[in-house]
file work.cif (mmCIF, C-alpha atoms)
data_structure
#
loop_
_atom_site.label_atom_id
_atom_site.label_comp_id
_atom_site.auth_asym_id
_atom_site.auth_seq_id
_atom_site.Cartn_x
_atom_site.Cartn_y
_atom_site.Cartn_z
CA MET A 1076 -19.03 20.96 -38.77
CA ASP A 1077 -18.37 23.40 -41.63
CA ASN A 1078 -16.92 26.03 -39.31
CA VAL A 1079 -14.64 23.66 -37.38
CA SER A 1080 -10.98 23.47 -38.41
CA LEU A 1081 -8.87 20.50 -37.32
CA LEU A 1082 -5.11 19.96 -37.47
CA LEU A 1083 -3.75 16.40 -37.44
CA VAL A 1084 -0.05 15.98 -36.63
CA ASP A 1085 1.55 12.56 -37.14
CA ASP A 1086 4.56 11.29 -39.07
CA GLU A 1087 2.70 8.15 -40.19
CA GLN A 1088 0.76 8.86 -43.37
CA ALA A 1089 -1.41 5.78 -42.82
CA ILE A 1090 -2.66 7.16 -39.51
CA LEU A 1091 -3.30 10.59 -41.02
CA HIS A 1092 -5.23 9.04 -43.90
CA MET A 1093 -7.28 6.83 -41.57
CA LEU A 1094 -8.19 9.66 -39.21
CA LYS A 1095 -9.01 12.08 -42.00
CA THR A 1096 -11.22 9.52 -43.73
CA VAL A 1097 -13.21 8.84 -40.56
CA LEU A 1098 -13.47 12.54 -39.68
CA LEU A 1099 -14.73 13.40 -43.16
CA LYS A 1100 -17.45 10.79 -42.74
CA GLU A 1101 -18.38 12.56 -39.50
CA GLN A 1102 -18.80 15.81 -41.49
CA PHE A 1103 -15.56 17.46 -40.37
CA LEU A 1104 -14.76 19.12 -43.68
CA ASP A 1105 -11.85 21.43 -42.84
CA ILE A 1106 -8.92 19.15 -41.94
CA ASP A 1107 -5.22 19.91 -42.36
CA THR A 1108 -2.45 17.35 -41.88
CA VAL A 1109 1.27 17.79 -41.19
CA THR A 1110 4.01 15.32 -40.33
CA THR A 1111 6.39 17.32 -38.10
CA GLY A 1112 6.15 19.51 -35.05
CA GLU A 1113 7.77 22.41 -36.85
CA ALA A 1114 5.13 22.22 -39.57
CA ALA A 1115 2.42 22.19 -36.89
CA ILE A 1116 3.75 25.42 -35.38
CA GLU A 1117 3.86 27.04 -38.82
CA ALA A 1118 0.30 25.90 -39.55
CA CYS A 1119 -0.98 27.38 -36.27
CA ASN A 1120 0.79 30.65 -37.02
CA ASN A 1121 -1.10 30.90 -40.30
CA LYS A 1122 -4.55 29.58 -39.40
CA THR A 1123 -6.96 29.30 -36.47
CA TYR A 1124 -7.77 25.72 -35.47
CA HIS A 1125 -10.50 24.52 -33.14
CA CYS A 1126 -8.80 21.25 -32.16
CA ILE A 1127 -5.34 19.74 -32.67
CA VAL A 1128 -4.54 16.01 -32.67
CA LEU A 1129 -0.85 15.74 -31.85
CA ASP A 1130 1.32 12.63 -31.89
CA ILE A 1131 3.99 12.59 -29.19
CA MET A 1132 6.57 10.52 -31.10
CA LEU A 1133 7.49 12.84 -33.98
CA PRO A 1134 10.74 13.18 -35.92
CA GLY A 1135 12.82 16.10 -34.70
CA LYS A 1136 11.02 17.81 -31.84
CA SER A 1137 8.47 15.61 -30.10
CA GLY A 1138 4.86 16.52 -29.51
CA LEU A 1139 5.67 17.24 -25.87
CA GLU A 1140 8.46 19.61 -26.91
CA ILE A 1141 6.40 21.63 -29.39
CA CYS A 1142 3.22 21.80 -27.31
CA PRO A 1143 4.41 24.84 -25.28
CA PHE A 1144 5.16 26.64 -28.57
CA LEU A 1145 1.68 25.82 -29.86
CA ARG A 1146 0.23 27.20 -26.65
CA GLN A 1147 1.86 30.55 -27.43
CA VAL A 1148 -0.27 30.93 -30.56
CA THR A 1149 -3.42 28.89 -29.91
CA ASP A 1150 -5.68 27.89 -27.05
CA ALA A 1151 -7.41 25.18 -29.09
CA PRO A 1152 -7.72 21.89 -27.20
CA ILE A 1153 -4.85 19.49 -27.90
CA LEU A 1154 -5.45 15.74 -28.01
CA PHE A 1155 -2.25 13.74 -27.67
CA LEU A 1156 -1.73 10.44 -29.47
CA THR A 1157 0.73 8.45 -27.42
CA ALA A 1158 2.27 5.00 -27.19
CA LYS A 1159 3.33 5.93 -23.65
CA THR A 1160 0.73 5.23 -21.02
CA THR A 1161 2.50 5.69 -17.67
CA ASP A 1162 1.15 8.25 -15.21
CA TYR A 1163 4.35 10.28 -15.61
CA ASP A 1164 3.88 10.53 -19.37
CA LYS A 1165 0.23 11.50 -18.98
CA LEU A 1166 1.07 14.18 -16.40
CA THR A 1167 3.83 15.53 -18.64
CA GLY A 1168 1.34 15.87 -21.48
CA PHE A 1169 -1.12 17.78 -19.33
CA ALA A 1170 1.64 19.92 -17.80
CA VAL A 1171 2.90 21.18 -21.17
CA GLY A 1172 -0.58 22.17 -22.34
CA GLY A 1173 -2.42 19.06 -23.53
CA ASP A 1174 -6.11 18.59 -22.79
CA ASP A 1175 -6.63 14.86 -23.39
CA TYR A 1176 -4.86 11.80 -24.73
CA VAL A 1177 -5.53 8.56 -26.58
CA ALA A 1178 -3.14 5.62 -26.31
CA LYS A 1179 -1.89 3.82 -29.40
CA PRO A 1180 -3.07 1.54 -30.89
CA PHE A 1181 -6.47 3.21 -30.92
CA ASN A 1182 -9.87 2.92 -32.51
CA PRO A 1183 -10.29 5.97 -34.81
CA LEU A 1184 -13.88 6.30 -33.61
CA GLU A 1185 -12.53 6.88 -30.10
CA VAL A 1186 -10.42 9.74 -31.44
CA VAL A 1187 -13.51 11.21 -33.11
CA ALA A 1188 -15.45 10.91 -29.84
CA ARG A 1189 -12.65 12.65 -27.91
CA ILE A 1190 -12.51 15.45 -30.47
CA LYS A 1191 -16.27 16.00 -30.24
CA SER A 1192 -16.07 16.00 -26.45
CA LEU A 1193 -13.31 18.62 -26.48
CA LEU A 1194 -15.17 20.76 -29.00
CA LYS A 1195 -18.33 20.76 -26.87
CA ARG A 1196 -16.36 22.54 -24.16
CA TYR A 1197 -14.26 24.71 -26.47
CA LEU A 1198 -16.73 26.02 -29.04
CA PRO A 1199 -19.47 27.48 -26.76
CA SER A 1200 -17.09 30.03 -25.23
CA LYS A 1201 -15.40 30.77 -28.55
CA SER A 1202 -18.61 31.16 -30.52
CA ALA A 1203 -19.59 34.05 -28.28
CA ALA A 1204 -16.14 35.56 -28.60
CA ILE A 1205 -16.26 35.67 -32.40
CA SER A 1206 -19.93 36.61 -32.63
CA ASP A 1207 -21.04 40.09 -33.61
CA HIS A 1208 -23.44 40.01 -30.68
CA VAL A 1209 -22.27 41.19 -27.28
CA PRO A 1210 -24.69 41.47 -24.33
CA SER A 1211 -25.87 45.07 -24.16
CA ASN A 1212 -25.16 45.43 -20.45
CA VAL A 1213 -21.56 44.20 -20.67
CA ASN A 1214 -18.82 46.82 -20.74
CA THR A 1215 -16.13 45.46 -23.09
CA SER A 1216 -13.57 48.05 -22.01
CA SER A 1217 -13.40 47.13 -18.34
CA PRO A 1218 -13.95 43.95 -16.30
CA SER A 1219 -16.98 45.17 -14.35
CA THR A 1220 -19.37 42.83 -12.63
CA SER A 1221 -22.32 42.21 -14.96
CA GLU A 1222 -23.94 39.44 -16.96
CA GLY A 1223 -21.42 36.73 -17.78
CA VAL A 1224 -18.52 38.46 -15.97
CA TYR A 1225 -17.22 36.89 -12.76
CA ASP A 1226 -15.18 39.42 -10.80
CA PHE A 1227 -12.77 38.20 -8.12
CA GLY A 1228 -10.84 41.43 -7.67
CA ARG A 1229 -7.42 40.31 -8.89
CA PHE A 1230 -8.93 38.48 -11.86
CA GLN A 1231 -12.09 38.43 -13.94
CA VAL A 1232 -13.60 35.65 -16.06
CA LEU A 1233 -15.64 36.81 -19.06
CA GLU A 1234 -17.86 33.88 -19.96
CA TRP A 1235 -19.35 35.46 -23.09
CA ALA A 1236 -15.85 36.16 -24.50
CA GLY A 1237 -14.08 33.04 -23.27
CA GLU A 1238 -11.51 35.35 -21.69
CA LEU A 1239 -9.51 35.48 -18.46
CA ARG A 1240 -8.15 38.82 -17.30
CA ILE A 1241 -5.52 39.20 -14.59
CA GLU A 1242 -5.30 42.70 -13.16
CA GLY A 1243 -6.90 44.03 -16.33
CA GLU A 1244 -4.67 42.15 -18.78
CA SER A 1245 -5.99 39.33 -20.98
CA VAL A 1246 -4.19 36.04 -20.26
CA SER A 1247 -4.04 32.95 -22.50
CA CYS A 1248 -6.10 30.11 -21.05
CA PRO A 1249 -6.48 26.65 -22.67
CA ALA A 1250 -10.04 25.50 -23.23
CA LEU A 1251 -10.39 22.98 -20.39
CA VAL A 1252 -8.49 25.17 -17.93
CA PHE A 1253 -10.96 27.95 -18.73
CA GLN A 1254 -13.97 25.63 -18.39
CA LEU A 1255 -12.80 24.37 -14.99
CA LEU A 1256 -12.16 27.92 -13.76
CA LEU A 1257 -15.55 29.02 -15.08
CA PHE A 1258 -17.23 26.18 -13.20
CA PHE A 1259 -15.56 27.30 -9.96
CA CYS A 1260 -16.59 30.91 -10.65
CA LYS A 1261 -20.22 29.86 -11.00
CA HIS A 1262 -20.05 28.03 -7.66
CA PRO A 1263 -17.84 30.18 -5.38
CA ASN A 1264 -17.09 29.12 -1.82
CA ARG A 1265 -18.38 25.59 -2.47
CA ILE A 1266 -16.22 22.51 -1.98
CA PHE A 1267 -15.92 19.98 -4.82
CA THR A 1268 -14.07 16.68 -4.81
CA LYS A 1269 -11.85 15.72 -7.74
CA SER A 1270 -14.54 13.24 -8.81
CA ASP A 1271 -17.19 15.98 -8.70
CA LEU A 1272 -15.07 18.24 -10.87
CA TYR A 1273 -14.23 15.54 -13.37
CA GLU A 1274 -17.87 14.58 -13.79
CA ARG A 1275 -19.13 18.17 -14.06
CA VAL A 1276 -16.40 19.56 -16.34
CA TRP A 1277 -14.95 16.64 -18.31
CA GLY A 1278 -18.23 14.74 -18.47
CA SER A 1279 -19.26 11.12 -18.06
CA GLU A 1280 -17.82 10.18 -21.47
CA ALA A 1281 -14.28 11.01 -20.35
CA ILE A 1282 -11.94 8.55 -18.67
CA SER A 1283 -11.76 9.44 -14.98
CA ASP A 1284 -8.27 10.46 -13.83
CA ASP A 1285 -7.59 12.36 -10.59
CA ASN A 1286 -4.22 13.48 -11.92
CA THR A 1287 -5.96 15.34 -14.74
CA VAL A 1288 -7.91 17.48 -12.28
CA MET A 1289 -4.81 18.17 -10.16
CA VAL A 1290 -2.81 19.32 -13.18
CA HIS A 1291 -5.60 21.64 -14.33
CA ILE A 1292 -5.96 23.02 -10.79
CA HIS A 1293 -2.24 23.81 -10.91
CA ARG A 1294 -2.59 25.49 -14.30
CA ILE A 1295 -5.41 27.69 -12.96
CA ARG A 1296 -3.31 28.69 -9.96
CA GLU A 1297 -0.41 29.61 -12.23
CA ARG A 1298 -2.68 32.20 -13.79
CA ILE A 1299 -4.88 33.60 -11.03
CA GLU A 1300 -2.65 33.41 -7.96
CA ALA A 1301 0.08 35.92 -7.14
CA ASP A 1302 1.93 33.02 -5.47
CA PRO A 1303 0.69 29.67 -6.90
CA SER A 1304 2.47 27.73 -4.13
CA ASN A 1305 0.43 29.61 -1.53
CA PRO A 1306 -3.01 30.03 -3.12
CA VAL A 1307 -5.56 32.42 -1.66
CA PHE A 1308 -8.30 31.99 -4.28
CA LEU A 1309 -8.35 28.34 -5.38
CA VAL A 1310 -7.65 26.48 -2.17
CA ASN A 1311 -7.53 22.85 -1.06
CA VAL A 1312 -9.72 21.90 1.90
CA ARG A 1313 -7.83 18.97 3.33
CA GLY A 1314 -9.71 15.70 3.04
CA LEU A 1315 -12.68 17.33 1.30
CA GLY A 1316 -11.68 18.89 -2.03
CA TYR A 1317 -11.21 22.29 -3.66
CA LYS A 1318 -13.07 25.57 -3.55
CA LEU A 1319 -12.73 29.00 -5.13
CA ILE A 1320 -12.94 31.76 -2.55
CA GLN A 1321 -14.61 35.00 -3.57
CA PRO A 1322 -13.52 38.15 -1.72
CA GLU A 1323 -16.32 39.57 0.42
CA HIS A 1324 -16.08 43.01 -1.19
CA VAL A 1325 -16.68 41.67 -4.71
CA SER A 1326 -20.18 40.74 -5.79
CA ARG A 1327 -21.28 38.04 -8.22
CA PRO A 1328 -23.12 38.72 -11.49
#

call {"tool": "encode", "arguments": {"input": "work.cif", "output": "structure tokens"}}
result
Amino acid sequence: MDNVSLLLVDDEQAILHMLKTVLLKEQFLDIDTVTTGEAAIEACNNKTYHCIVLDIMLPGKSGLEICPFLRQVTDAPILFLTAKTTDYDKLTGFAVGGDDYVAKPFNPLEVVARIKSLLKRYLPSKSAAISDHVPSNVNTSSPSTSEGVYDFGRFQVLEWAGELRIEGESVSCPALVFQLLLFFCKHPNRIFTKSDLYERVWGSEAISDDNTVMVHIHRIRERIEADPSNPVFLVNVRGLGYKLIQPEHVSRP
């Protein structure tokens, strides 16, 4: 875990100390801690993190309030720590850019497990993006259809770079939003239920939640659709599930 950088954000020093101690034992060696949302934003402006653990109840601006600002400078997965467990609170966390949550009081080993689960989905795409190696048959200057590039006309998904391009422009895409979109791209024109998607993208170790899938579907549509309220790519098939439609004139890799 030498190359993994974590940021822990909580105003309770005891929680920061406990989490850092457990994470160090799990060989996470690069761990920064801050106690306010403003300090978290400053930290992310100065350093690249691979995962952020963010308490919702912070002094000053709450975790929910600063999350959109964090999303402007990082696409690292964000794990919320929250004493609020209603569906509304969970949906709010996902809507502002969070990727997962753990309810207080929590077992620190559960937090470690959630971090590892998020990193499994985040690091594979990023490791290719920061690697010196780029597939020889991939044109990095244009989103052409080739190995690891899924071209849907209006948008392209570059698997090897962990990148989403909309009409030729790179667009920020949080880790799990990207992974869900990538899964759809690899299986165009196929219908998947919310349970199918949760199992295939979030994994069996995650806590099943249909709302999580719906929020991430919405976040994909906000990026790839010209009119997210009337989607033409990522559509709902009533009573069956969701599918990503690939235009007939565009071929797959």

call {"tool": "resolve_selection", "arguments": {"input": "work.cif", "expression": "the PyMOL selection byres ((chain A and resi 1243) around 9)", "output": "list in words"}}
result
Ser1217, Pro1218, Arg1229, Phe1230, Gln1231, Arg1240, Ile1241, Glu1242, Glu1244 and Ser1245 of chain A

call {"tool": "closest_residue", "arguments": {"input": "work.cif", "among": "A:Leu1233, A:Leu1082, A:Leu1272, A:Leu1319", "to": "Glu1300 (chain A)", "atoms": "all atoms listed in the file"}}
result
A:Leu1319

call {"tool": "atom_distance", "arguments": {"input": "work.cif", "atom1": "CA of Pro1303 (chain A)", "atom2": "CA of Asp1174 (chain A)"}}
result
20.5 Å

call {"tool": "resolve_selection", "arguments": {"input": "work.cif", "expression": "the PyMOL selection byres ((chain A and resi 1249) around 12)", "output": "PDB file with C-alpha atoms, keeping the file's coordinate frame"}}
result
ATOM      1  CA  HIS A1125     -10.500  24.520 -33.140  1.00  0.00           C
ATOM      2  CA  CYS A1126      -8.800  21.250 -32.160  1.00  0.00           C
ATOM      3  CA  CYS A1142       3.220  21.800 -27.310  1.00  0.00           C
ATOM      4  CA  PRO A1143       4.410  24.840 -25.280  1.00  0.00           C
ATOM      5  CA  LEU A1145       1.680  25.820 -29.860  1.00  0.00           C
ATOM      6  CA  ARG A1146       0.230  27.200 -26.650  1.00  0.00           C
ATOM      7  CA  GLN A1147       1.860  30.550 -27.430  1.00  0.00           C
ATOM      8  CA  VAL A1148      -0.270  30.930 -30.560  1.00  0.00           C
ATOM      9  CA  THR A1149      -3.420  28.890 -29.910  1.00  0.00           C
ATOM     10  CA  ASP A1150      -5.680  27.890 -27.050  1.00  0.00           C
ATOM     11  CA  ALA A1151      -7.410  25.180 -29.090  1.00  0.00           C
ATOM     12  CA  PRO A1152      -7.720  21.890 -27.200  1.00  0.00           C
ATOM     13  CA  ILE A1153      -4.850  19.490 -27.900  1.00  0.00           C
ATOM     14  CA  PHE A1169      -1.120  17.780 -19.330  1.00  0.00           C
ATOM     15  CA  ALA A1170       1.640  19.920 -17.800  1.00  0.00           C
ATOM     16  CA  VAL A1171       2.900  21.180 -21.170  1.00  0.00           C
ATOM     17  CA  GLY A1172      -0.580  22.170 -22.340  1.00  0.00           C
ATOM     18  CA  GLY A1173      -2.420  19.060 -23.530  1.00  0.00           C
ATOM     19  CA  ASP A1174      -6.110  18.590 -22.790  1.00  0.00           C
ATOM     20  CA  ASP A1175      -6.630  14.860 -23.390  1.00  0.00           C
ATOM     21  CA  LEU A1193     -13.310  18.620 -26.480  1.00  0.00           C
ATOM     22  CA  ARG A1196     -16.360  22.540 -24.160  1.00  0.00           C
ATOM     23  CA  TYR A1197     -14.260  24.710 -26.470  1.00  0.00           C
ATOM     24  CA  SER A1200     -17.090  30.030 -25.230  1.00  0.00           C
ATOM     25  CA  LYS A1201     -15.400  30.770 -28.550  1.00  0.00           C
ATOM     26  CA  GLY A1237     -14.080  33.040 -23.270  1.00  0.00           C
ATOM     27  CA  GLU A1238     -11.510  35.350 -21.690  1.00  0.00           C
ATOM     28  CA  LEU A1239      -9.510  35.480 -18.460  1.00  0.00           C
ATOM     29  CA  VAL A1246      -4.190  36.040 -20.260  1.00  0.00           C
ATOM     30  CA  SER A1247      -4.040  32.950 -22.500  1.00  0.00           C
ATOM     31  CA  CYS A1248      -6.100  30.110 -21.050  1.00  0.00           C
ATOM     32  CA  ALA A1250     -10.040  25.500 -23.230  1.00  0.00           C
ATOM     33  CA  LEU A1251     -10.390  22.980 -20.390  1.00  0.00           C
ATOM     34  CA  VAL A1252      -8.490  25.170 -17.930  1.00  0.00           C
ATOM     35  CA  PHE A1253     -10.960  27.950 -18.730  1.00  0.00           C
ATOM     36  CA  GLN A1254     -13.970  25.630 -18.390  1.00  0.00           C
ATOM     37  CA  LEU A1255     -12.800  24.370 -14.990  1.00  0.00           C
ATOM     38  CA  LEU A1256     -12.160  27.920 -13.760  1.00  0.00           C
ATOM     39  CA  HIS A1291      -5.600  21.640 -14.330  1.00  0.00           C
ATOM     40  CA  ARG A1294      -2.590  25.490 -14.300  1.00  0.00           C
ATOM     41  CA  ILE A1295      -5.410  27.690 -12.960  1.00  0.00           C
ATOM     42  CA  ARG A1298      -2.680  32.200 -13.790  1.00  0.00           C
TER      43      ARG A1298
END

call {"tool": "closest_residue", "arguments": {"input": "work.cif", "among": "A:Trp1235, A:Tyr1176, A:Val1109, A:Ile1320", "to": "Gly1223 (chain A)", "atoms": "all atoms listed in the file"}}
result
A:Trp1235
